[in-house]
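Data block for coords-v8.txt (compact mmCIF, C-alpha atoms and all ligand atoms):
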```txt
# COMPACT_ATOMS: atom_id res chain seq x y z
CA MET A 1200 96.58 75.70 101.29
CA ASP A 1201 93.90 77.67 103.17
CA GLU A 1202 91.13 78.31 100.66
CA SER A 1203 89.73 81.29 102.48
CA VAL A 1204 93.19 82.95 102.45
CA GLU A 1205 93.57 82.23 98.73
CA ALA A 1206 90.08 83.61 97.97
CA PHE A 1207 90.91 86.72 99.97
CA ARG A 1208 94.22 87.03 98.15
CA SER A 1209 92.46 86.90 94.74
CA GLN A 1210 89.93 89.50 95.83
CA ALA A 1211 92.71 91.84 96.98
CA ARG A 1212 94.72 91.24 93.80
CA ALA A 1213 91.72 92.12 91.60
CA TRP A 1214 90.98 95.31 93.52
CA LEU A 1215 94.62 96.39 93.47
CA ALA A 1216 94.94 95.68 89.74
CA ALA A 1217 92.02 98.02 89.11
CA HIS A 1218 93.07 100.80 91.52
CA VAL A 1219 96.86 101.06 92.00
CA PRO A 1220 98.01 104.28 90.26
CA SER A 1221 99.70 103.50 86.95
CA GLU A 1222 102.48 106.04 87.67
CA PRO A 1223 104.33 106.08 91.03
CA LEU A 1224 103.13 108.88 93.33
CA PRO A 1225 105.60 111.65 94.24
CA SER A 1226 107.67 110.96 97.38
CA LEU A 1227 105.57 111.01 100.55
CA GLU A 1228 108.38 113.01 102.17
CA THR A 1229 107.26 116.08 100.14
CA ALA A 1230 104.09 118.18 100.58
CA GLU A 1231 102.77 117.21 97.16
CA GLY A 1232 103.53 113.52 97.67
CA PHE A 1233 102.08 113.53 101.18
CA ALA A 1234 98.76 114.89 99.81
CA ALA A 1235 98.75 112.32 97.00
CA HIS A 1236 99.40 109.48 99.46
CA ARG A 1237 96.64 110.77 101.75
CA ALA A 1238 94.22 110.63 98.79
CA TRP A 1239 95.39 107.07 98.12
CA GLU A 1240 94.61 106.15 101.75
CA ALA A 1241 91.05 107.46 101.22
CA GLU A 1242 90.68 105.33 98.09
CA LEU A 1243 92.02 102.24 99.88
CA HIS A 1244 89.58 102.92 102.68
CA GLU A 1245 86.67 103.22 100.28
CA GLY A 1246 87.46 99.72 99.05
CA ARG A 1247 87.87 98.62 102.71
CA TRP A 1248 91.50 97.65 102.17
CA SER A 1249 93.23 100.27 104.35
CA VAL A 1250 93.07 98.36 107.66
CA VAL A 1251 92.01 94.81 106.81
CA ASN A 1252 92.85 93.35 110.24
CA TRP A 1253 90.72 95.86 112.19
CA PRO A 1254 87.14 95.10 113.23
CA GLU A 1255 84.52 96.00 110.62
CA ARG A 1256 82.93 98.71 112.77
CA TYR A 1257 86.09 100.83 112.41
CA GLY A 1258 86.48 100.30 108.66
CA GLY A 1259 88.38 96.99 108.61
CA ARG A 1260 87.49 93.46 107.52
CA GLY A 1261 88.28 91.72 110.82
CA VAL A 1262 90.70 89.24 109.21
CA ASP A 1263 93.37 87.20 111.04
CA LEU A 1264 97.14 87.32 110.57
CA PRO A 1265 97.47 84.83 107.65
CA HIS A 1266 94.89 86.87 105.68
CA TRP A 1267 96.68 90.12 106.53
CA LEU A 1268 100.05 88.67 105.43
CA ALA A 1269 98.50 87.55 102.13
CA PHE A 1270 97.06 91.01 101.62
CA GLU A 1271 100.45 92.59 102.30
CA GLU A 1272 102.11 90.31 99.73
CA GLU A 1273 99.57 91.33 97.11
CA TYR A 1274 99.79 94.99 98.09
CA TRP A 1275 103.54 95.28 97.59
CA ALA A 1276 103.62 92.93 94.59
CA ALA A 1277 101.13 95.26 92.88
CA GLY A 1278 103.58 98.16 93.28
CA ALA A 1279 101.08 100.06 95.47
CA PRO A 1280 102.18 103.32 97.16
CA GLY A 1281 103.93 103.50 100.57
CA ARG A 1282 101.57 103.90 103.53
CA VAL A 1283 101.54 107.48 104.83
CA SER A 1284 99.22 106.36 107.67
CA GLN A 1285 101.73 103.83 108.96
CA ASN A 1286 102.46 105.45 112.34
CA GLY A 1287 98.78 105.63 113.16
CA VAL A 1288 97.78 102.27 111.75
CA SER A 1289 100.71 100.22 113.04
CA LEU A 1290 101.57 102.01 116.31
CA LEU A 1291 98.73 104.10 117.68
CA ALA A 1292 95.85 101.83 116.65
CA PRO A 1293 97.18 98.69 118.43
CA THR A 1294 97.75 100.89 121.50
CA LEU A 1295 94.14 102.13 121.36
CA PHE A 1296 92.88 98.57 120.92
CA ASP A 1297 94.81 97.42 123.99
CA HIS A 1298 94.71 100.46 126.28
CA GLY A 1299 92.26 103.06 124.89
CA THR A 1300 88.60 103.52 125.72
CA GLU A 1301 85.71 102.62 123.43
CA GLU A 1302 84.99 106.35 123.10
CA GLN A 1303 88.58 106.96 121.86
CA ARG A 1304 88.42 104.08 119.39
CA ALA A 1305 85.08 105.24 117.97
CA ARG A 1306 86.27 108.85 117.73
CA LEU A 1307 89.79 108.30 116.35
CA LEU A 1308 89.98 105.09 114.35
CA PRO A 1309 87.63 105.81 111.41
CA SER A 1310 89.42 109.04 110.45
CA MET A 1311 92.78 107.25 110.78
CA ALA A 1312 91.55 104.42 108.54
CA GLY A 1313 90.48 106.90 105.86
CA GLY A 1314 93.68 108.99 105.93
CA ARG A 1315 91.74 112.06 107.12
CA THR A 1316 93.94 112.19 110.23
CA VAL A 1317 97.58 111.24 109.69
CA TRP A 1318 99.53 110.65 112.91
CA ALA A 1319 103.17 111.28 113.85
CA GLN A 1320 105.08 109.50 116.61
CA ALA A 1321 106.48 111.94 119.19
CA TRP A 1322 108.55 109.74 121.49
CA SER A 1323 112.22 110.69 120.98
CA GLU A 1324 113.86 113.74 122.49
CA PRO A 1325 117.33 115.27 122.02
CA GLU A 1326 118.71 113.46 125.10
CA ALA A 1327 116.30 110.54 125.09
CA GLY A 1328 116.36 108.13 122.15
CA SER A 1329 117.63 104.69 123.16
CA ASP A 1330 117.27 105.74 126.78
CA LEU A 1331 113.67 106.82 126.29
CA ALA A 1332 112.87 106.66 130.01
CA SER A 1333 115.08 109.69 130.57
CA LEU A 1334 112.73 111.95 128.58
CA ARG A 1335 112.17 115.43 129.99
CA SER A 1336 109.14 116.87 128.16
CA ARG A 1337 106.46 117.55 130.75
CA ALA A 1338 102.69 117.20 131.05
CA VAL A 1339 101.42 119.55 133.76
CA ARG A 1340 97.95 119.13 135.25
CA THR A 1341 95.42 121.87 134.49
CA ASP A 1342 91.62 122.22 134.52
CA GLY A 1343 90.13 119.42 132.39
CA GLY A 1344 93.43 118.20 131.02
CA TRP A 1345 97.18 118.73 130.72
CA LEU A 1346 99.62 121.35 129.38
CA LEU A 1347 102.60 120.02 127.40
CA HIS A 1348 106.04 121.66 127.49
CA GLY A 1349 109.33 120.54 125.94
CA GLN A 1350 110.94 119.30 122.75
CA LYS A 1351 110.49 116.15 120.69
CA ALA A 1352 113.04 115.15 118.02
CA TRP A 1353 113.15 112.99 114.89
CA SER A 1354 109.44 112.82 114.17
CA SER A 1355 108.87 111.13 110.80
CA ARG A 1356 106.58 113.09 108.46
CA ALA A 1357 105.50 115.40 111.31
CA ALA A 1358 105.95 118.42 109.01
CA PHE A 1359 102.75 117.40 107.19
CA ALA A 1360 100.93 115.17 109.70
CA ASP A 1361 97.82 116.27 111.62
CA ARG A 1362 98.27 114.87 115.11
CA ALA A 1363 100.90 113.14 117.25
CA PHE A 1364 101.10 110.69 120.14
CA GLY A 1365 103.85 110.53 122.73
CA VAL A 1366 105.01 110.02 126.28
CA PHE A 1367 105.46 112.90 128.76
CA ARG A 1368 106.73 113.26 132.31
CA SER A 1369 103.69 113.97 134.44
CA ASP A 1370 105.18 113.20 137.86
CA PRO A 1371 108.75 114.58 138.14
CA ALA A 1372 108.94 113.32 141.76
CA ALA A 1373 108.45 109.63 140.79
CA ASP A 1374 111.15 107.36 142.27
CA ARG A 1375 112.25 105.76 138.96
CA PRO A 1376 112.69 107.45 135.53
CA HIS A 1377 110.12 105.24 133.78
CA ARG A 1378 107.52 105.85 136.47
CA GLY A 1379 105.39 109.00 136.36
CA LEU A 1380 105.06 109.11 132.55
CA THR A 1381 101.75 109.65 130.75
CA TYR A 1382 100.75 108.74 127.19
CA LEU A 1383 98.92 111.57 125.39
CA MET A 1384 97.73 112.64 121.95
CA PHE A 1385 97.85 116.22 120.65
CA GLY A 1386 97.15 118.22 117.48
CA LEU A 1387 100.15 119.47 115.52
CA ARG A 1388 98.37 122.71 114.63
CA GLU A 1389 97.26 123.54 118.18
CA PRO A 1390 98.39 126.82 119.82
CA GLY A 1391 101.81 126.30 121.41
CA VAL A 1392 103.10 123.75 118.86
CA THR A 1393 106.02 124.69 116.57
CA VAL A 1394 106.96 122.13 113.92
CA ARG A 1395 110.44 122.59 112.47
CA PRO A 1396 111.62 120.37 109.59
CA VAL A 1397 115.02 118.69 110.05
CA ALA A 1398 117.27 118.46 106.98
CA ARG A 1399 117.61 114.96 105.57
CA LEU A 1400 120.36 113.62 103.32
CA ASP A 1401 118.04 113.80 100.30
CA GLY A 1402 116.75 117.29 101.18
CA LYS A 1403 113.11 116.20 101.48
CA PRO A 1404 111.36 118.23 104.17
CA ALA A 1405 108.95 115.91 106.04
CA PHE A 1406 111.10 114.87 109.02
CA ALA A 1407 110.65 117.35 111.92
CA GLU A 1408 111.30 118.30 115.50
CA LEU A 1409 108.49 119.63 117.68
CA PHE A 1410 108.62 122.43 120.24
CA LEU A 1411 105.77 122.44 122.74
CA ASP A 1412 104.95 125.48 124.81
CA GLY A 1413 101.85 125.02 126.98
CA VAL A 1414 99.91 122.84 124.49
CA PHE A 1415 96.51 121.93 125.96
CA VAL A 1416 95.45 118.25 125.88
CA PRO A 1417 91.96 117.44 127.20
CA ASP A 1418 91.57 114.44 129.51
CA GLU A 1419 89.79 112.54 126.73
CA ASP A 1420 93.12 112.43 124.84
CA VAL A 1421 95.08 110.64 127.56
CA ILE A 1422 95.58 106.93 126.76
CA GLY A 1423 95.29 104.70 129.83
CA ALA A 1424 95.83 106.00 133.34
CA PRO A 1425 98.09 109.01 134.06
CA GLY A 1426 101.45 107.62 135.23
CA ASP A 1427 101.07 104.42 133.21
CA GLY A 1428 102.71 105.78 130.03
CA TRP A 1429 105.82 103.60 130.08
CA ARG A 1430 103.92 100.30 130.22
CA ILE A 1431 101.63 101.46 127.43
CA ALA A 1432 104.49 102.68 125.23
CA MET A 1433 106.42 99.43 125.70
CA SER A 1434 103.46 97.35 124.61
CA ALA A 1435 103.61 99.16 121.24
CA THR A 1436 107.32 98.66 120.55
CA GLY A 1437 106.89 95.05 119.37
CA ASN A 1438 104.61 96.33 116.62
CA GLU A 1439 107.12 98.96 115.60
CA ARG A 1440 110.02 96.54 115.37
CA GLY A 1441 108.17 93.54 114.11
CA LEU A 1442 105.64 92.71 111.49
CA MET A 1443 103.50 95.81 111.33
CA LEU A 1444 106.34 98.08 110.28
CA ARG A 1445 108.01 95.72 107.83
CA SER A 1446 105.86 92.90 106.60
CA PRO A 1447 107.54 90.15 104.56
CA GLY A 1448 105.43 91.15 101.54
CA ARG A 1449 107.48 94.33 101.17
CA PHE A 1450 110.75 92.44 100.90
CA LEU A 1451 109.38 89.75 98.61
CA ALA A 1452 108.30 92.56 96.28
CA SER A 1453 111.66 94.38 96.61
CA ALA A 1454 113.59 91.16 95.92
CA GLY A 1455 111.40 90.64 92.82
CA ARG A 1456 112.19 94.18 91.62
CA LEU A 1457 115.88 93.53 92.20
CA VAL A 1458 115.79 90.34 90.11
CA ARG A 1459 114.08 92.28 87.28
CA LEU A 1460 116.69 95.03 87.53
CA TRP A 1461 119.50 92.47 87.40
CA ARG A 1462 117.99 90.88 84.27
CA GLU A 1463 117.55 94.29 82.62
CA ALA A 1464 121.17 95.15 83.46
CA GLY A 1465 122.38 92.05 81.62
CA CYS A 1466 122.54 89.41 84.39
CA ASP A 1467 125.98 90.53 85.63
CA PRO A 1468 127.49 87.33 87.17
CA ALA A 1469 129.52 89.41 89.66
CA VAL A 1470 126.34 90.43 91.49
CA ARG A 1471 124.45 87.19 91.00
CA ASP A 1472 125.13 85.80 94.47
CA ARG A 1473 123.87 88.96 96.15
CA VAL A 1474 120.70 88.96 94.04
CA ALA A 1475 120.16 85.34 95.06
CA ASP A 1476 120.83 86.28 98.71
CA ALA A 1477 118.12 88.93 98.48
CA VAL A 1478 115.61 86.34 97.30
CA VAL A 1479 116.71 83.83 99.96
CA GLY A 1480 116.47 86.53 102.65
CA ALA A 1481 112.96 87.57 101.63
CA ARG A 1482 111.73 83.97 101.61
CA ALA A 1483 113.46 83.20 104.92
CA TYR A 1484 111.86 86.26 106.52
CA GLN A 1485 108.47 85.23 105.15
CA LEU A 1486 108.80 81.70 106.54
CA PHE A 1487 110.13 82.92 109.89
CA THR A 1488 107.30 85.39 110.40
CA GLU A 1489 104.70 82.79 109.45
CA LEU A 1490 106.16 80.45 112.07
CA ALA A 1491 106.90 83.00 114.81
CA ALA A 1492 103.75 85.05 114.47
CA GLY A 1493 101.37 82.22 113.58
CA GLY A 1494 99.51 82.58 116.85
CA GLY A 1495 99.32 86.36 117.08
CA ALA A 1496 101.61 89.11 118.34
CA MET A 1497 105.38 88.67 118.68
CA GLY A 1498 107.31 89.43 121.86
CA ALA A 1499 111.11 89.75 122.02
CA GLU A 1500 111.22 87.94 118.63
CA SER A 1501 110.38 91.31 117.10
CA SER A 1502 113.98 92.33 117.93
CA LEU A 1503 115.24 89.45 115.76
CA THR A 1504 113.15 90.57 112.82
CA LYS A 1505 114.12 94.23 113.35
CA VAL A 1506 117.86 93.49 113.07
CA PHE A 1507 117.19 91.23 110.11
CA TRP A 1508 114.97 93.52 108.02
CA SER A 1509 117.05 96.64 108.64
CA GLU A 1510 120.33 95.01 107.57
CA TYR A 1511 118.65 93.15 104.72
CA ASP A 1512 117.15 96.39 103.36
CA ILE A 1513 120.58 98.07 103.15
CA ALA A 1514 122.19 95.08 101.40
CA LEU A 1515 119.35 94.86 98.88
CA HIS A 1516 119.52 98.55 98.02
CA GLU A 1517 123.33 98.50 97.77
CA THR A 1518 123.06 95.70 95.21
CA ALA A 1519 120.47 97.68 93.23
CA LEU A 1520 122.63 100.81 93.22
CA GLU A 1521 125.61 98.81 92.04
CA LEU A 1522 123.56 97.53 89.11
CA LEU A 1523 122.37 101.04 88.30
CA GLY A 1524 125.89 102.47 88.10
CA ALA A 1525 128.09 105.14 89.62
CA VAL A 1526 125.66 108.05 90.01
CA ALA A 1527 122.57 106.02 90.97
CA GLU A 1528 122.86 107.07 94.60
CA PHE A 1529 122.31 110.71 93.66
CA ALA A 1530 119.40 110.26 91.23
CA ASP A 1531 115.80 110.96 92.30
CA THR A 1532 114.59 107.40 91.94
CA ASP A 1533 112.76 104.94 94.19
CA TRP A 1534 116.00 102.97 94.56
CA ALA A 1535 117.98 106.05 95.67
CA GLU A 1536 115.27 107.20 98.11
CA GLY A 1537 114.92 103.63 99.35
CA TYR A 1538 118.67 103.45 99.93
CA THR A 1539 118.93 106.65 102.01
CA PHE A 1540 115.92 105.51 104.02
CA ALA A 1541 117.36 101.99 104.45
CA LEU A 1542 120.52 103.54 105.96
CA ALA A 1543 118.38 104.78 108.85
CA GLY A 1544 116.83 101.33 109.44
CA PRO A 1545 119.41 100.22 112.04
CA VAL A 1546 118.68 103.45 113.98
CA TYR A 1547 114.93 104.05 114.08
CA ALA A 1548 112.44 101.80 115.90
CA GLY A 1549 115.18 101.23 118.51
CA THR A 1550 118.82 100.93 117.35
CA ASN A 1551 120.22 97.52 116.41
CA GLU A 1552 122.69 97.67 119.32
CA ILE A 1553 119.71 97.88 121.67
CA GLN A 1554 117.93 95.07 119.79
CA ARG A 1555 121.01 92.86 120.13
CA ASP A 1556 121.02 93.50 123.88
CA ILE A 1557 117.36 92.46 124.04
CA ILE A 1558 118.09 89.30 122.02
CA ALA A 1559 121.07 88.44 124.24
CA GLU A 1560 119.23 89.03 127.50
CA ARG A 1561 115.64 87.99 126.82
CA LEU A 1562 115.94 85.33 124.13
CA LEU A 1563 119.35 83.84 124.96
CA GLY A 1564 119.29 84.36 128.73
CA LEU A 1565 122.78 85.94 128.75
CA PRO A 1566 123.78 88.29 131.58
CA LYS A 1567 123.21 92.02 131.16
CA GLY A 1568 126.13 93.50 129.25
CA ARG A 1569 126.55 97.12 128.34
CA ARG A 1570 123.81 98.77 130.40
C1 LIG B 1601 114.88 108.05 109.88
C2 LIG B 1601 114.48 108.12 111.33
C3 LIG B 1601 113.13 108.23 111.65
C4 LIG B 1601 112.74 108.35 112.97
N1 LIG B 1601 111.40 108.53 113.25
C5 LIG B 1601 111.02 108.73 114.51
C6 LIG B 1601 109.65 109.03 114.81
O1 LIG B 1601 108.79 109.10 113.92
N2 LIG B 1601 109.31 109.29 116.10
C7 LIG B 1601 110.21 109.22 117.11
O2 LIG B 1601 109.82 109.41 118.25
N3 LIG B 1601 111.52 108.94 116.88
C8 LIG B 1601 111.94 108.70 115.60
N4 LIG B 1601 113.27 108.44 115.33
C9 LIG B 1601 114.25 108.46 116.44
C10 LIG B 1601 114.84 107.10 116.76
O3 LIG B 1601 113.90 106.29 117.42
C11 LIG B 1601 116.10 107.34 117.59
O4 LIG B 1601 117.04 107.97 116.72
C12 LIG B 1601 116.71 106.06 118.14
O5 LIG B 1601 115.89 105.52 119.16
C13 LIG B 1601 118.12 106.28 118.70
O6 LIG B 1601 118.14 107.32 119.60
P1 LIG B 1601 119.20 108.52 119.48
O7 LIG B 1601 119.14 109.02 118.07
O8 LIG B 1601 118.92 109.46 120.58
O9 LIG B 1601 120.62 107.84 119.64
P2 LIG B 1601 121.30 107.42 121.02
O10 LIG B 1601 120.32 106.75 121.90
O11 LIG B 1601 122.02 108.61 121.54
O12 LIG B 1601 122.34 106.34 120.51
C14 LIG B 1601 123.57 106.67 119.88
C15 LIG B 1601 124.36 105.36 119.67
O13 LIG B 1601 124.67 104.77 120.94
C16 LIG B 1601 124.17 103.44 121.01
N5 LIG B 1601 123.67 103.15 122.35
C17 LIG B 1601 122.93 103.98 123.13
N6 LIG B 1601 122.62 103.35 124.30
C18 LIG B 1601 123.21 102.13 124.25
C19 LIG B 1601 123.26 101.02 125.13
N7 LIG B 1601 122.68 101.02 126.31
N8 LIG B 1601 123.92 99.90 124.74
C20 LIG B 1601 124.54 99.86 123.52
N9 LIG B 1601 124.53 100.88 122.63
C21 LIG B 1601 123.87 101.98 122.99
C22 LIG B 1601 123.01 103.42 120.03
O14 LIG B 1601 122.72 102.11 119.59
C23 LIG B 1601 123.54 104.30 118.91
O15 LIG B 1601 124.38 103.57 118.06
C24 LIG B 1601 113.71 108.33 114.01
C25 LIG B 1601 115.06 108.21 113.69
C26 LIG B 1601 115.46 108.12 112.36
C27 LIG B 1601 116.93 108.02 112.08
```
Show me this structure written as structure tokens.
Ligand SMILES: Cc1cc2nc3c(=O)[nH]c(=O)nc-3n(C[C@H](O)[C@H](O)[C@H](O)COP(=O)(O)OP(=O)(O)OC[C@H]3O[C@@H](n4cnc5c(N)ncnc54)[C@H](O)[C@@H]3O)c2cc1C
Amino acid sequence: MDESVEAFRSQARAWLAAHVPSEPLPSLETAEGFAAHRAWEAELHEGRWSVVNWPERYGGRGVDLPHWLAFEEEYWAAGAPGRVSQNGVSLLAPTLFDHGTEEQRARLLPSMAGGRTVWAQAWSEPEAGSDLASLRSRAVRTDGGWLLHGQKAWSSRAAFADRAFGVFRSDPAADRPHRGLTYLMFGLREPGVTVRPVARLDGKPAFAELFLDGVFVPDEDVIGAPGDGWRIAMSATGNERGLMLRSPGRFLASAGRLVRLWREAGCDPAVRDRVADAVVGARAYQLFTELAAGGGAMGAESSLTKVFWSEYDIALHETALELLGAVAEFADTDWAEGYTFALAGPVYAGTNEIQRDIIAERLLGLPKGRR
């Protein structure tokens, strides 16, 4: 046992015990819940727990992966709120660390760490989801920057977020679709931006599409070189599919909640095997990530974990709803919201069909199939 990890774990546990709200916050997919979660991010930041693996100068503690995994286990075991800053912290920040400038990191990371700026991901478009390279939104050169035109779809929590990051076609004459793309950041309240919520199954209004009509982006908000957007975007996808989006701590905590629910419901033997499967799955995922990610970032292995956690999440929630009874799916509870969200797991962060292609081609060395 690594003593420094265990000491760190105890420190985190003590802080969380003193600070985690005693009542669950309202859903972060609503305006009220979004504001409450933003305030929670500020409190986490004040305790320096919002971005523990970042360098200290940006508000982190500079810890390595085993420490971060221990923190995540404590975080979710304590029943702490969902992370409204997730897109920024787990997708944009690693991109800025790898491809941004020091000026961008110093300007953008502290406000992200404190929840003052919440970021949305603006990658997908109506005709460009799995086939992202076919995107059509444009960035057109102008004095001192770029003008954005086009439409982005399926942007999580964009209805309430402050800024967004995405990929745009800056050179329509490039010889291949993934060439001539540029990675930019823009404000969601800038002139020319229209944010339109998209109806979700549960009616909560945070999910949105974005219409961009001549939105100005200064040169300082381009990440990397113009034309290099595809390479930069692809370096972030491992984070989205792998550990940063769904750490094992979340599933260990969910499996624990499921076991408690099963006990409260009278230990129904008919569901016992599936409750046990949930515990086995959470432990297996924990052990796998410790082994696979022990040295740092994951490559194509993140596709394995993506398929696993998305299918696992649905099975776990289905078992919970069965224990809760016939109308549980329609109640406004964490389990019901978790279930509708879990249903989208095989779709977002790259669909599971695409992940299986990546596994077949890059991990198993099989010939290209469907594409
Ligand atoms: C809840 C949710 C949140 C999301 N949040 C965001 C966000 O914050 N920001 C953002 O940019 N996007 C977001 N997305 C969009 C998401 O990334 C896309 O929905 C996803 O990439 C799939 O793209 P698509 O919807 O265009 O489906 P399509 O690409 O049209 O796919 C339709 C079906 O065809 C299959 N398919 C397509 N191509 C192939 C192929 N070559 N081989 C085999 N099967 C194939 C797919 O697997 C899928 O089953 C979100 C989506 C959801 C559901």
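When only C-alpha atoms are used to measure the gap to Phe1450 in chain A, the shortest distance among A:Gly1246, A:Gly1349, A:Gly1480, A:Gly1465 belongs to A:Gly1480.
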Would you give me, as CSV, each residue of chain A having an atom within 6 Å of an atom of ligand LIG 1601 (chain B), along with its shortest atom pair and that distance in Å to one decimal, using all atoms listed in the file and sorting by chain and residue number?
```
residue,atom,partner,partner_atom,distance
A:Gln1320,CA,B:LIG1601,N2,4.3
A:Ala1321,CA,B:LIG1601,O2,4.3
A:Trp1322,CA,B:LIG1601,O2,3.5
A:Ser1323,CA,B:LIG1601,O2,3.9
A:Ala1327,CA,B:LIG1601,O8,5.3
A:Gly1328,CA,B:LIG1601,O6,3.2
A:Ser1329,CA,B:LIG1601,O10,3.6
A:Asp1330,CA,B:LIG1601,O10,5.8
A:Trp1353,CA,B:LIG1601,C8,4.5
A:Ser1354,CA,B:LIG1601,O1,3.8
A:Ser1355,CA,B:LIG1601,O1,3.7
A:Ala1543,CA,B:LIG1601,C27,4.8
A:Val1546,CA,B:LIG1601,C27,5.2
A:Tyr1547,CA,B:LIG1601,C10,4.1
A:Ala1548,CA,B:LIG1601,O3,5.0
A:Gly1549,CA,B:LIG1601,O5,4.4
A:Thr1550,CA,B:LIG1601,O14,4.6
A:Glu1552,CA,B:LIG1601,O14,4.4
A:Ile1553,CA,B:LIG1601,C20,5.5
A:Arg1569,CA,B:LIG1601,N8,5.3
A:Arg1570,CA,B:LIG1601,N7,4.8
```
**Report entry** Residue nearest Phe1367 in chain A among A:Asp1418, A:Glu1324, A:Glu1272, A:Glu1536 (counting all atoms listed in the file)
**Finding:** A:Glu1324
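Counting all atoms listed in the file, the residue from A:Leu1520, A:Ala1211, A:Leu1563, A:Ala1352 that sits nearest to Ala1276 in chain A is A:Ala1211.
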Requested in this report: Using only C-alpha atoms, find the one residue out of A:Asn1286, A:Thr1381, A:Ser1502, A:Ser1333 that sits nearest to Pro1545 in chain A.
Outcome: A:Ser1502
Report task. Taking the point (88.3, 103.1, 113.6) as given in the file, collect each protein or nucleic acid residue that comes within 6 Å of it, counting all atoms listed in the file, and present the set as a PyMOL selection string. Result -> chain A and resi 1257-1258+1304-1305+1308-1309
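Omitting Ser1226 in chain A and its sequence neighbours fewer than 5 positions away, and counting only C-alpha atoms, the residues within 10 Å are Glu1231, Gly1232, Phe1233, Ala1235, His1236, Pro1280, Gly1281, Lys1403, Asp1531, Thr1532, Asp1533 and Glu1536 of chain A.
In this model, the gap between CA of Val1283 in chain A and CA of Val1478 in chain A comes to 26.5 Å.
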Query - Leu1565 in chain A environment, 12 Å, all atoms listed in the file, sequence neighbours closer than 5 positions dropped, as a list in words - result: Arg1555, Asp1556, Ile1557, Ile1558, Ala1559 and Glu1560 of chain A
Residues as selected, C-alpha atoms, written as a PDB file, keeping the file's coordinate frame, can you do that?
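Result saved to part14.pdb:
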```
ATOM      1  CA  ARG A1555     121.010  92.860 120.130  1.00  0.00           C
ATOM      2  CA  ASP A1556     121.020  93.500 123.880  1.00  0.00           C
ATOM      3  CA  ILE A1557     117.360  92.460 124.040  1.00  0.00           C
ATOM      4  CA  ILE A1558     118.090  89.300 122.020  1.00  0.00           C
ATOM      5  CA  ALA A1559     121.070  88.440 124.240  1.00  0.00           C
ATOM      6  CA  GLU A1560     119.230  89.030 127.500  1.00  0.00           C
TER       7      GLU A1560
END
```
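The coordinates place CA of Thr1294 in chain A at 15.7 Å from CA of Gly1426 in chain A.
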Requested in this report: Pull the neighbourhood of (96.5, 101.0, 126.2) for me: all residues within 9 Å in file coordinates, counting all atoms listed in the file, as a ChimeraX atom specification.
Outcome: /A:1293-1300,1382,1422-1424,1428,1430-1432,1434-1435
Requested in this report: Between CA of Ala1241 in chain A and CA of Thr1229 in chain A, measure the distance and give it in Å to one decimal.
Outcome: 18.4 Å
Query - Close residues, Ala1483 in chain A itself excluded, 10 Å, all atoms listed in the file, min 5 positions apart in chain, as a VMD selection string - result: chain A and resid 1447 1451 1477 to 1478 1488 to 1489
Report task. Choose the residue, out of A:Phe1507, A:Asp1472, A:Cys1466, A:Val1392, that has the smallest atom-to-atom separation from Gly1441 in chain A; count all atoms listed in the file. Result -> A:Phe1507
